$ cat coords-v4.cif   # mmCIF, C-alpha atoms
data_data
#
loop_
_atom_site.label_atom_id
_atom_site.label_comp_id
_atom_site.auth_asym_id
_atom_site.auth_seq_id
_atom_site.Cartn_x
_atom_site.Cartn_y
_atom_site.Cartn_z
CA MET A 30 106.77 80.61 71.92
CA LEU A 31 104.34 81.73 74.63
CA LYS A 32 101.41 80.53 72.53
CA LYS A 33 102.95 77.06 72.15
CA LEU A 34 103.65 76.84 75.89
CA THR A 35 100.08 77.85 76.67
CA ILE A 36 98.67 75.15 74.39
CA LEU A 37 100.92 72.50 75.96
CA PHE A 38 99.91 73.73 79.41
CA LEU A 39 96.21 73.37 78.68
CA ILE A 40 96.60 69.96 77.05
CA SER A 41 98.66 68.58 79.92
CA ASN A 42 96.26 69.85 82.57
CA PHE A 43 93.29 68.44 80.66
CA ALA A 44 95.03 65.06 80.79
CA PHE A 45 95.56 65.35 84.54
CA ALA A 46 91.89 66.21 84.99
CA GLN A 47 90.73 62.96 83.47
CA ASN A 48 92.34 60.97 86.28
CA ASP A 49 91.41 63.17 89.24
CA SER A 50 88.34 63.04 91.40
CA THR A 51 86.84 66.47 92.11
CA THR A 52 85.24 65.47 95.40
CA ILE A 53 86.48 67.24 98.56
CA LYS A 54 87.62 64.39 100.80
CA THR A 55 89.19 66.24 103.75
CA ILE A 56 88.43 69.47 105.61
CA GLY A 57 90.91 70.73 108.15
CA PHE A 58 93.51 73.22 109.39
CA ASN A 59 97.18 73.68 108.50
CA SER A 60 98.67 76.36 110.71
CA GLU A 61 102.02 76.64 108.93
CA PHE A 62 100.36 76.96 105.52
CA SER A 63 97.79 79.47 106.80
CA TYR A 64 100.55 81.59 108.35
CA LYS A 65 102.34 81.82 105.00
CA MET A 66 99.18 82.61 103.04
CA LEU A 67 97.87 85.21 105.50
CA ASP A 68 101.13 86.89 106.52
CA GLN A 69 100.70 90.52 105.47
CA ASN A 70 104.28 91.75 105.09
CA GLN A 71 106.83 88.98 104.44
CA ASN A 72 106.17 86.95 101.28
CA LEU A 73 103.33 88.53 99.32
CA ARG A 74 103.27 86.33 96.21
CA LYS A 75 100.50 84.11 97.48
CA VAL A 76 99.81 82.40 94.15
CA ASN A 77 103.36 81.06 94.18
CA ILE A 78 103.19 80.02 97.83
CA LEU A 79 100.10 77.96 97.04
CA LEU A 80 101.77 76.30 94.04
CA GLU A 81 104.97 75.54 95.96
CA GLU A 82 103.11 74.12 98.95
CA ARG A 83 101.13 71.86 96.65
CA LYS A 84 104.36 70.72 95.01
CA ARG A 85 105.81 69.91 98.45
CA GLY A 86 102.70 67.93 99.35
CA THR A 87 101.78 70.21 102.25
CA ILE A 88 98.29 70.63 100.82
CA LYS A 89 96.71 67.45 99.50
CA ASN A 90 94.40 66.98 96.54
CA ASN A 91 90.64 67.09 97.13
CA SER A 92 90.95 69.07 100.36
CA LEU A 93 89.58 72.23 101.95
CA THR A 94 91.95 74.08 104.29
CA ILE A 95 90.50 76.66 106.69
CA GLY A 96 92.84 79.33 108.03
CA THR A 97 92.65 82.30 110.39
CA SER A 98 95.10 84.97 111.50
CA LEU A 99 94.65 87.64 114.17
CA ILE A 100 97.10 90.52 114.79
CA SER A 101 96.73 92.51 118.02
CA ILE A 102 99.08 95.37 118.88
CA LEU A 103 100.01 97.79 121.65
CA ASP A 104 101.85 100.88 120.41
CA TYR A 105 103.07 104.36 121.30
CA GLN A 106 104.19 107.26 119.10
CA HIS A 107 105.62 110.73 119.64
CA SER A 108 105.80 113.38 116.91
CA ASN A 109 107.54 116.76 116.82
CA THR A 110 104.58 118.17 114.85
CA ASP A 111 101.01 118.34 116.10
CA SER A 112 98.79 115.56 114.69
CA LYS A 113 101.26 114.52 111.97
CA PHE A 114 102.53 110.96 112.31
CA GLY A 115 104.26 109.38 109.31
CA TYR A 116 104.00 105.75 110.43
CA LEU A 117 102.00 104.01 107.71
CA MET A 118 100.59 100.95 109.46
CA ARG A 119 97.49 103.04 110.06
CA HIS A 120 96.15 105.93 107.99
CA PRO A 121 98.17 108.96 109.13
CA THR A 122 95.37 111.52 109.37
CA ALA A 123 94.16 113.89 112.05
CA ASN A 124 90.96 111.83 112.26
CA ASN A 125 93.00 109.05 113.82
CA GLN A 126 95.95 110.68 115.60
CA ILE A 127 95.60 113.91 117.59
CA GLY A 128 98.34 115.83 119.41
CA LYS A 129 102.03 114.97 119.65
CA GLU A 130 101.67 111.73 121.62
CA VAL A 131 99.38 108.84 120.74
CA SER A 132 98.97 105.30 122.04
CA GLU A 133 96.61 102.40 121.48
CA ALA A 134 95.82 98.78 122.26
CA VAL A 135 93.80 97.44 119.33
CA ILE A 136 93.11 94.72 116.82
CA HIS A 137 95.17 95.59 113.78
CA SER A 138 93.56 92.97 111.55
CA PHE A 139 91.77 89.64 111.33
CA GLN A 140 91.76 87.28 108.34
CA LEU A 141 89.81 84.19 107.40
CA SER A 142 90.87 82.05 104.45
CA LEU A 143 89.53 79.05 102.54
CA THR A 144 91.86 77.10 100.24
CA ALA A 145 90.34 74.31 98.13
CA THR A 146 92.27 71.86 95.98
CA ILE A 147 89.88 70.37 93.48
CA ASN A 148 92.43 68.03 91.92
CA SER A 149 96.15 67.99 91.15
CA TRP A 150 95.99 71.01 88.81
CA LEU A 151 93.11 73.22 90.05
CA SER A 152 93.01 75.23 93.31
CA THR A 153 91.16 78.21 94.73
CA HIS A 154 91.97 80.59 97.56
CA VAL A 155 89.94 83.38 99.18
CA GLU A 156 90.81 85.73 102.04
CA ILE A 157 88.32 87.74 104.09
CA LEU A 158 89.91 90.72 105.85
CA TYR A 159 88.91 92.99 108.74
CA ASN A 160 91.33 95.92 109.12
CA PRO A 161 89.87 99.09 110.66
CA GLN A 162 93.30 100.75 110.99
CA GLN A 163 94.01 100.64 107.27
CA ALA A 164 90.46 100.74 105.85
CA PHE A 165 89.48 103.66 103.62
CA GLY A 166 86.17 104.27 105.39
CA ALA A 167 85.44 107.68 106.89
CA GLY A 168 85.90 108.54 110.55
CA THR A 169 87.93 106.93 113.31
CA ILE A 170 88.73 103.25 113.89
CA THR A 171 85.45 102.92 115.84
CA SER A 172 83.30 104.23 112.94
CA LEU A 173 81.04 101.70 111.26
CA GLU A 174 82.43 102.62 107.81
CA ARG A 175 85.88 101.41 108.87
CA ASN A 176 84.68 98.26 110.64
CA GLN A 177 83.72 96.25 107.57
CA LEU A 178 84.67 92.87 106.15
CA GLN A 179 86.08 92.67 102.63
CA LEU A 180 87.18 89.98 100.21
CA ARG A 181 90.83 91.05 100.18
CA LYS A 182 92.00 88.34 97.78
CA GLY A 183 90.36 85.60 95.80
CA PHE A 184 91.73 83.64 92.87
CA VAL A 185 91.67 80.39 90.94
CA VAL A 186 95.05 78.77 90.23
CA ILE A 187 95.57 76.38 87.33
CA GLY A 188 98.86 74.52 87.39
CA ASN A 189 100.98 71.70 88.76
CA LEU A 190 104.67 72.63 89.10
CA GLU A 191 105.60 69.03 89.79
CA THR A 192 104.69 68.03 86.24
CA PHE A 193 104.67 71.24 84.16
CA PRO A 194 106.43 74.65 84.56
CA LEU A 195 103.58 76.81 83.24
CA TYR A 196 100.72 78.00 85.46
CA GLY A 197 97.95 80.57 85.51
CA ALA A 198 95.75 82.47 87.98
CA LEU A 199 92.56 84.50 87.64
CA GLY A 200 90.86 86.79 90.17
CA LYS A 201 91.78 89.46 92.73
CA MET A 202 95.44 89.17 93.74
CA ASP A 203 98.74 90.91 94.43
CA ALA A 204 100.56 92.22 91.38
CA PRO A 205 103.92 90.55 90.70
CA PHE A 206 105.72 93.91 90.80
CA GLY A 207 109.02 93.85 92.61
CA GLN A 208 109.95 92.45 95.98
CA MET A 209 107.38 94.03 98.27
CA GLY A 210 107.98 91.78 101.26
CA SER A 211 109.79 93.13 104.31
CA VAL A 212 112.27 91.72 106.82
CA ASN A 213 110.25 93.37 109.61
CA PRO A 214 108.10 91.10 111.79
CA PHE A 215 105.06 93.39 111.39
CA THR A 216 105.62 96.70 109.60
CA ASN A 217 105.33 96.96 105.81
CA SER A 218 108.12 98.84 104.03
CA THR A 219 107.48 102.28 102.58
CA THR A 220 108.14 100.71 99.17
CA TRP A 221 105.15 98.42 99.76
CA HIS A 222 102.92 101.37 100.58
CA ALA A 223 104.11 103.19 97.44
CA PHE A 224 104.17 100.44 94.80
CA ALA A 225 102.62 97.15 95.96
CA GLY A 226 99.73 96.47 93.60
CA LEU A 227 96.46 94.67 94.31
CA GLY A 228 93.81 94.33 91.65
CA TYR A 229 91.60 92.23 89.41
CA GLY A 230 93.47 90.42 86.67
CA ALA A 231 94.86 87.28 85.10
CA GLN A 232 98.38 85.91 85.56
CA ILE A 233 100.44 83.46 83.56
CA GLY A 234 103.81 82.31 84.88
CA TYR A 235 106.72 80.04 83.99
CA LYS A 236 108.95 78.53 86.68
CA LYS A 237 111.74 76.08 86.01
CA GLY A 238 114.97 75.71 87.93
CA GLY A 239 116.00 79.14 89.16
CA LEU A 240 114.14 81.01 86.43
CA HIS A 241 110.74 82.51 87.19
CA THR A 242 108.87 84.88 84.89
CA LYS A 243 105.34 86.17 85.18
CA LEU A 244 102.92 88.39 83.28
CA MET A 245 99.70 89.79 84.74
CA ALA A 246 96.98 91.51 82.73
CA VAL A 247 95.19 93.98 85.04
CA GLN A 248 91.79 95.63 84.90
CA GLY A 249 92.09 99.32 84.04
CA GLY A 250 90.95 102.32 86.04
CA ALA A 251 91.93 102.79 89.68
CA GLN A 252 92.57 99.40 91.25
CA PHE A 253 92.64 98.60 94.98
CA ARG A 254 96.34 99.38 95.37
CA ALA A 255 99.06 101.15 93.38
CA MET A 256 97.77 100.50 89.83
CA HIS A 257 95.86 102.91 87.60
CA THR A 258 95.34 103.40 83.87
CA PRO A 259 92.84 105.72 82.16
CA VAL A 260 90.03 104.04 80.30
CA GLY A 261 88.85 107.09 78.35
CA ASN A 262 86.30 109.89 78.84
CA ASN A 263 88.06 111.13 82.01
CA THR A 264 86.71 108.24 84.07
CA LYS A 265 88.17 105.81 86.58
CA THR A 266 85.57 103.13 85.72
CA PRO A 267 87.50 99.85 85.18
CA SER A 268 85.83 99.03 81.87
CA LYS A 269 88.91 97.72 80.04
CA ILE A 270 91.79 95.32 80.68
CA ASN A 271 94.48 97.83 79.70
CA ASN A 272 97.10 97.57 82.44
CA TYR A 273 99.79 94.93 82.89
CA VAL A 274 102.74 93.90 85.03
CA ALA A 275 105.78 91.88 83.85
CA ASP A 276 108.33 90.31 86.19
CA LEU A 277 111.48 88.26 85.72
CA ASN A 278 113.73 86.87 88.45
CA TYR A 279 116.47 84.26 88.73
CA ALA A 280 117.71 82.41 91.82
CA PHE A 281 121.02 80.55 92.10
CA ASN A 282 123.85 79.60 94.47
CA ILE A 283 126.94 81.80 94.21
CA LEU A 284 128.88 80.00 96.97
CA ASN A 285 128.29 77.07 99.26
CA LYS A 286 125.23 77.97 101.36
CA VAL A 287 125.04 81.43 99.76
CA HIS A 288 121.86 81.89 97.71
CA LEU A 289 121.14 84.90 95.51
CA LEU A 290 117.88 86.04 93.89
CA ILE A 291 117.84 88.97 91.47
CA GLY A 292 114.89 90.35 89.54
CA ALA A 293 113.20 93.24 87.77
CA SER A 294 109.60 94.25 87.01
CA TYR A 295 107.69 96.70 84.84
CA LEU A 296 104.22 98.19 85.46
CA ARG A 297 102.37 99.95 82.64
CA GLY A 298 100.17 102.10 84.89
CA SER A 299 101.16 103.10 88.43
CA ALA A 300 98.94 105.06 90.84
CA TYR A 301 100.90 108.29 90.25
CA CYS A 302 98.99 109.71 87.31
CA GLN A 303 96.51 112.24 88.75
CA ASP A 304 96.60 115.97 88.08
CA PHE A 305 96.48 118.53 90.90
CA PRO A 306 94.84 118.31 93.42
CA VAL A 307 95.56 114.66 94.21
CA THR A 308 92.91 112.42 95.78
CA HIS A 309 92.67 108.66 96.15
CA PHE A 310 91.30 106.84 93.06
CA SER A 311 90.56 110.03 91.07
CA PRO A 312 90.60 109.71 87.24
CA CYS A 313 93.81 110.06 85.20
CA ASN A 314 94.34 111.44 81.71
CA ASP A 315 97.47 109.38 81.00
CA ASN A 316 99.23 106.38 82.51
CA ASN A 317 102.53 106.66 84.39
CA PRO A 318 104.65 103.49 84.09
CA ALA A 319 107.03 102.28 86.80
CA TYR A 320 109.95 99.89 87.00
CA THR A 321 111.80 98.15 89.81
CA TYR A 322 114.85 96.00 90.37
CA TYR A 323 115.50 93.94 93.49
CA GLY A 324 117.63 91.26 95.09
CA THR A 325 117.95 88.96 98.10
CA VAL A 326 121.00 87.19 99.51
CA THR A 327 120.55 84.29 101.95
CA ILE A 328 123.57 82.95 103.87
CA ASN A 329 123.51 79.65 105.76
CA ASP A 330 119.69 79.84 105.82
CA ARG A 331 120.05 82.26 108.76
CA LEU A 332 121.09 85.67 107.44
CA THR A 333 118.87 87.36 104.84
CA ILE A 334 119.82 90.65 103.16
CA LYS A 335 117.38 92.19 100.72
CA GLY A 336 116.76 95.43 98.91
CA GLY A 337 115.05 97.07 95.98
CA PHE A 338 114.41 100.31 94.13
CA ALA A 339 111.28 101.42 92.26
CA LYS A 340 110.55 104.55 90.24
CA THR A 341 108.01 105.98 87.81
CA THR A 342 109.15 106.76 84.27
CA LYS A 343 107.21 110.05 84.12
CA ILE A 344 106.60 112.92 86.51
CA TRP A 345 103.52 112.85 88.72
CA LYS A 346 101.67 115.95 87.48
CA GLY A 347 99.74 116.28 90.71
CA THR A 348 102.93 117.02 92.66
CA HIS A 349 103.03 120.53 91.19
CA ASN A 350 100.88 123.04 93.08
CA PRO A 351 100.12 126.04 90.80
CA THR A 352 99.30 128.33 93.73
CA PRO A 353 102.04 130.60 95.19
CA PRO A 354 104.20 130.16 97.15
CA LEU A 355 104.19 126.39 96.46
CA ASP A 356 104.35 126.87 92.68
CA VAL A 357 108.17 127.05 92.88
CA PHE A 358 108.32 123.26 93.33
CA GLU A 359 108.25 121.42 90.02
CA ALA A 360 106.38 118.16 89.48
CA SER A 361 108.55 115.12 90.19
CA LYS A 362 108.85 111.44 89.49
CA VAL A 363 108.00 109.09 92.37
CA SER A 364 110.53 106.62 93.74
CA ALA A 365 110.95 104.25 96.68
CA LEU A 366 113.97 102.48 98.13
CA ASP A 367 114.27 99.75 100.73
CA PHE A 368 117.18 97.90 102.28
CA GLY A 369 117.05 95.49 105.20
CA ALA A 370 118.46 92.41 106.87
CA LYS A 371 117.34 89.79 109.37
CA TYR A 372 119.22 87.14 111.30
CA ASP A 373 117.81 83.99 112.88
CA LEU A 374 119.39 83.57 116.31
CA ASN A 375 118.53 79.88 116.40
CA GLN A 376 117.07 77.15 114.21
CA ASN A 377 114.77 75.69 116.86
CA SER A 378 111.76 74.08 115.20
CA LYS A 379 109.40 75.13 118.01
CA ILE A 380 110.47 78.74 118.68
CA LYS A 381 112.73 80.70 116.30
CA TYR A 382 114.11 84.10 117.37
CA THR A 383 114.92 86.72 114.74
CA LEU A 384 116.55 90.17 114.80
CA SER A 385 115.85 92.56 111.92
CA GLY A 386 116.47 96.08 110.69
CA GLU A 387 115.18 97.98 107.66
CA PHE A 388 115.33 101.40 106.01
CA SER A 389 112.80 102.42 103.36
CA ASN A 390 111.68 105.70 101.85
CA PHE A 391 109.22 107.39 99.51
CA LYS A 392 110.20 110.42 97.38
CA ALA A 393 107.58 112.51 95.59
CA GLY A 394 108.95 116.05 95.34
CA PRO A 395 112.04 118.14 94.65
CA LYS A 396 114.52 119.04 97.38
CA GLY A 397 112.93 121.28 100.00
CA ALA A 398 109.30 120.63 99.01
CA PRO A 399 106.97 119.84 101.94
CA TRP A 400 106.11 116.55 100.19
CA GLU A 401 109.72 115.78 99.19
CA ARG A 402 110.06 112.50 101.05
CA GLN A 403 109.02 110.20 103.85
CA ASN A 404 111.63 107.89 105.42
CA GLN A 405 111.08 104.94 107.73
CA MET A 406 113.53 103.00 109.90
CA VAL A 407 112.52 99.89 111.85
CA LEU A 408 114.37 97.62 114.29
CA GLY A 409 112.58 94.41 115.16
CA PHE A 410 112.71 91.29 117.30
CA ALA A 411 110.38 88.34 116.77
CA SER A 412 109.79 84.86 118.09
CA LEU A 413 108.09 82.47 115.67
CA ILE A 414 106.27 79.68 117.51
CA LYS A 415 105.72 76.37 115.72
CA LYS A 416 106.14 78.14 112.35
CA SER A 417 102.68 79.62 112.62
CA SER A 418 102.40 82.28 115.33
CA LYS A 419 104.57 85.26 116.13
CA LEU A 420 105.30 87.56 119.06
CA PHE A 421 107.13 90.73 118.08
CA LEU A 422 108.56 94.06 119.22
CA GLU A 423 109.49 96.88 116.84
CA VAL A 424 111.05 100.31 117.42
CA PHE A 425 110.61 102.75 114.54
CA ARG A 426 111.33 106.29 113.39
CA THR A 427 109.77 108.20 110.50
CA GLU A 428 111.05 111.37 108.84
CA GLY A 429 108.58 113.39 106.80
CA TYR A 430 104.80 113.41 106.55
CA ALA A 431 103.45 113.03 102.99
CA PRO A 432 99.98 111.42 102.79
CA LEU A 433 98.74 110.71 99.26
CA ASN A 434 95.47 112.64 99.57
CA PHE A 435 96.19 116.31 98.75
CA ILE A 436 99.92 115.56 99.03
CA SER A 437 100.91 118.84 97.33
CA GLY A 438 98.01 120.91 98.64
CA SER A 439 94.54 121.78 97.38
CA ASN A 440 92.55 124.45 95.56
CA ASP A 441 89.63 126.70 96.45
CA PHE A 442 87.13 123.85 96.23
CA GLU A 443 88.90 121.46 98.60
CA PRO A 444 89.06 121.32 102.42
CA PHE A 445 92.58 122.76 102.79
CA THR A 446 93.82 126.33 102.32
CA PRO A 447 95.13 127.14 98.80
CA GLY A 448 98.89 127.70 98.68
CA ILE A 449 99.45 125.53 101.77
CA SER A 450 100.22 121.80 101.85
CA HIS A 451 99.43 119.62 104.85
CA SER A 452 102.56 117.60 103.99
CA GLU A 453 105.49 118.43 106.25
CA ARG A 454 109.08 117.57 105.34
CA ASP A 455 110.47 118.28 108.82
CA ALA A 456 107.87 116.29 110.75
CA ASN A 457 109.32 113.22 112.41
CA SER A 458 108.04 110.64 114.85
CA ILE A 459 109.37 107.78 116.96
CA GLY A 460 107.55 104.90 118.54
CA PHE A 461 107.30 101.23 119.29
CA VAL A 462 104.81 98.46 118.62
CA LEU A 463 104.40 95.29 120.66
CA GLY A 464 102.15 92.62 119.27
CA ALA A 465 101.17 89.10 118.38
CA GLN A 466 100.12 87.37 115.19
CA VAL A 467 98.36 84.06 115.82
CA SER A 468 97.49 81.81 112.89
CA PHE A 469 95.58 78.54 112.69
#
$ encode --input "coords-v4.cif" --output "structure tokens"
Amino acid sequence: MLKKLTILFLISNFAFAQNDSTTIKTIGFNSEFSYKMLDQNQNLRKVNILLEERKRGTIKNNSLTIGTSLISILDYQHSNTDSKFGYLMRHPTANNQIGKEVSEAVIHSFQLSLTATINSWLSTHVEILYNPQQAFGAGTITSLERNQLQLRKGFVVIGNLETFPLYGALGKMDAPFGQMGSVNPFTNSTTWHAFAGLGYGAQIGYKKGGLHTKLMAVQGGAQFRAMHTPVGNNTKTPSKINNYVADLNYAFNILNKVHLLIGASYLRGSAYCQDFPVTHFSPCNDNNPAYTYYGTVTINDRLTIKGGFAKTTKIWKGTHNPTPPLDVFEASKVSALDFGAKYDLNQNSKIKYTLSGEFSNFKAGPKGAPWERQNQMVLGFASLIKKSSKLFLEVFRTEGYAPLNFISGSNDFEPFTPGISHSERDANSIGFVLGAQVSF
């Protein structure tokens, strides 16, 4: 069946191509569209946003749309444990946060995007990102290694939902695993940090009525986020396309003005496959699949309630430390849970005010282990101006400190003391973040 649909899809798009000019006729800005494409924590399925906006006519054929987004923040945090802050919107390491109180006034990120529509069935999108707070470079946020530009996303989309339900995408993009968006105005959920995938691959999707299904073939090895499959010879080199993600969701009205979306996803190779000691992007000997199920209820287009659960199907071998006294904690599966709601206080087209609250967590160890869990609670208030720029205030609390690198400790050849983990179950922190996201 899938083969027949693919053939029909290619034939129909070839027919469209014969009647379309491929000359770029307009170059301009679309602030509302750029806000949706560059928003980093709400709706993360950017391929689908692009297709839907084209279907609505927001983005015209033969056009180039330039977009930018800048997020600046002022924040404060207090922890009960020296130099251990669990808030994940910056890398929680002692290189970045010293003592029990920290504060900052910084650029969180800057993005530049180019979206080109060649004709009615072919589009491209690229995003350039600057994000020193979440970059993997060495040193502090003022180090050159962390002040780099990167091509965060870039893909070609083939499809026209107005005329045919099948579409495809090829490039570097978010994996269609679960519902990784948050109700928070700024902060990503802990589920996003644990399971939101980003990698090289190819997608094919089918969307008709309330049904939406998608399959993504992903490059093997350690990808940019949350996906990893071994490619043989104890290497992380991505020399094979041997990972994949499958997703199915369905949206429908259950009552008048009550809309429900339910879905489930499967990932062949999650990031939780390394042996002890754990480090970012180190090779794996076997893949560790993961699954998720999720749902969203929207009432009167004002109240949104959403939640999801994700878990690996196998234990994460690296969560067992063989060195006493930590050897008493057995290796565990990894899971994440999130539940949140937001309410629009008004429907003003110029400025919309929203209240939100969310709980999310990450579990990676048995009860009592230093790396057992990390919880996050966020209360937020936001004002969305002209559907493209946002002012926001969040108050948050974290419980637990469990960074991925050396999460269960290290051995004699690593920088931490054997038999001791730098994870801390009883560490907790509170704080607030005040900021602005301005998109053009």
$ closest_residue --input "coords-v4.cif" --among "A:Lys201, A:His137, A:Lys335, A:Arg297" --to "Thr258 (chain A)" --atoms "only C-alpha atoms"
A:Arg297
$ residues_near_point --input "coords-v4.cif" --point "(95.3, 84.5, 95.0)" --cutoff "12 Å" --atoms "all atoms listed in the file" --output "JSON, numbers by chain"
{"A": [66, 67, 73, 74, 75, 76, 77, 78, 79, 80, 142, 143, 144, 145, 152, 153, 154, 155, 156, 157, 180, 181, 182, 183, 184, 185, 186, 187, 197, 198, 199, 200, 201, 202, 203, 204, 205, 227, 228, 229, 230, 231, 232]}
$ closest_residue --input "coords-v4.cif" --among "A:Ala223, A:His120, A:Ser311, A:Asn282" --to "Pro259 (chain A)" --atoms "all atoms listed in the file"
A:Ser311
$ atom_distance --input "coords-v4.cif" --atom1 "CA of Asn90 (chain A)" --atom2 "CA of Ser149 (chain A)"
5.8 Å
$ residues_around --input "coords-v4.cif" --residues "Gly166 (chain A)" --least-positions-apart "3" --cutoff "12 Å" --atoms "all atoms listed in the file" --output "PyMOL selection string"
chain A and resi 120+124-125+160-163+169-179
$ closest_residue --input "coords-v4.cif" --among "A:Ala123, A:Val260, A:Leu433, A:Leu374" --to "Lys392 (chain A)" --atoms "all atoms listed in the file"
A:Leu433
$ decode --input "coords-v4.cif" --residues "region 212-227 of chain A" --atoms "N, CA, C and O atoms" --output "short mmCIF file (atom, residue, chain, number, x, y, z; two decimals), in the first residue's frame"
data_model
loop_
_atom_site.label_atom_id
_atom_site.label_comp_id
_atom_site.auth_asym_id
_atom_site.auth_seq_id
_atom_site.Cartn_x
_atom_site.Cartn_y
_atom_site.Cartn_z
N VAL A 212 3.85 23.74 27.10
CA VAL A 212 2.91 24.85 27.30
C VAL A 212 3.63 26.08 27.85
O VAL A 212 3.06 27.17 27.91
N ASN A 213 4.88 25.91 28.29
CA ASN A 213 5.64 27.03 28.86
C ASN A 213 5.95 28.07 27.79
O ASN A 213 6.19 27.73 26.63
N PRO A 214 6.03 29.34 28.17
CA PRO A 214 6.39 30.36 27.17
C PRO A 214 7.84 30.30 26.73
O PRO A 214 8.18 30.75 25.64
N PHE A 215 8.73 29.69 27.55
CA PHE A 215 10.16 29.67 27.21
C PHE A 215 10.82 28.32 27.48
O PHE A 215 11.54 27.80 26.65
N THR A 216 10.58 27.73 28.62
CA THR A 216 11.32 26.57 29.08
C THR A 216 10.86 25.28 28.39
O THR A 216 9.67 24.99 28.34
N ASN A 217 11.82 24.50 27.88
CA ASN A 217 11.51 23.18 27.35
C ASN A 217 11.19 22.22 28.49
O ASN A 217 11.76 22.31 29.59
N SER A 218 10.33 21.25 28.24
CA SER A 218 10.03 20.23 29.24
C SER A 218 11.22 19.30 29.43
O SER A 218 12.08 19.18 28.55
N THR A 219 11.26 18.62 30.57
CA THR A 219 12.29 17.63 30.80
C THR A 219 12.16 16.48 29.80
O THR A 219 13.17 15.87 29.41
N THR A 220 10.94 16.18 29.37
CA THR A 220 10.73 15.15 28.34
C THR A 220 11.46 15.53 27.06
O THR A 220 12.07 14.68 26.39
N TRP A 221 11.40 16.81 26.69
CA TRP A 221 12.11 17.26 25.49
C TRP A 221 13.60 17.01 25.64
O TRP A 221 14.25 16.49 24.73
N HIS A 222 14.17 17.39 26.77
CA HIS A 222 15.60 17.20 26.98
C HIS A 222 15.98 15.72 26.93
O HIS A 222 17.09 15.37 26.51
N ALA A 223 15.07 14.84 27.35
CA ALA A 223 15.37 13.42 27.42
C ALA A 223 15.16 12.68 26.10
O ALA A 223 15.92 11.77 25.76
N PHE A 224 14.14 13.08 25.30
CA PHE A 224 13.75 12.25 24.17
C PHE A 224 13.55 12.98 22.85
O PHE A 224 13.26 12.32 21.84
N ALA A 225 13.65 14.29 22.80
CA ALA A 225 13.41 14.99 21.54
C ALA A 225 14.58 14.79 20.59
O ALA A 225 15.69 15.23 20.85
N GLY A 226 14.32 14.15 19.47
CA GLY A 226 15.39 13.81 18.53
C GLY A 226 15.63 14.89 17.49
O GLY A 226 14.71 15.59 17.07
N LEU A 227 16.87 15.02 17.07
CA LEU A 227 17.27 15.88 15.97
C LEU A 227 18.37 15.15 15.22
O LEU A 227 19.37 14.75 15.82
#
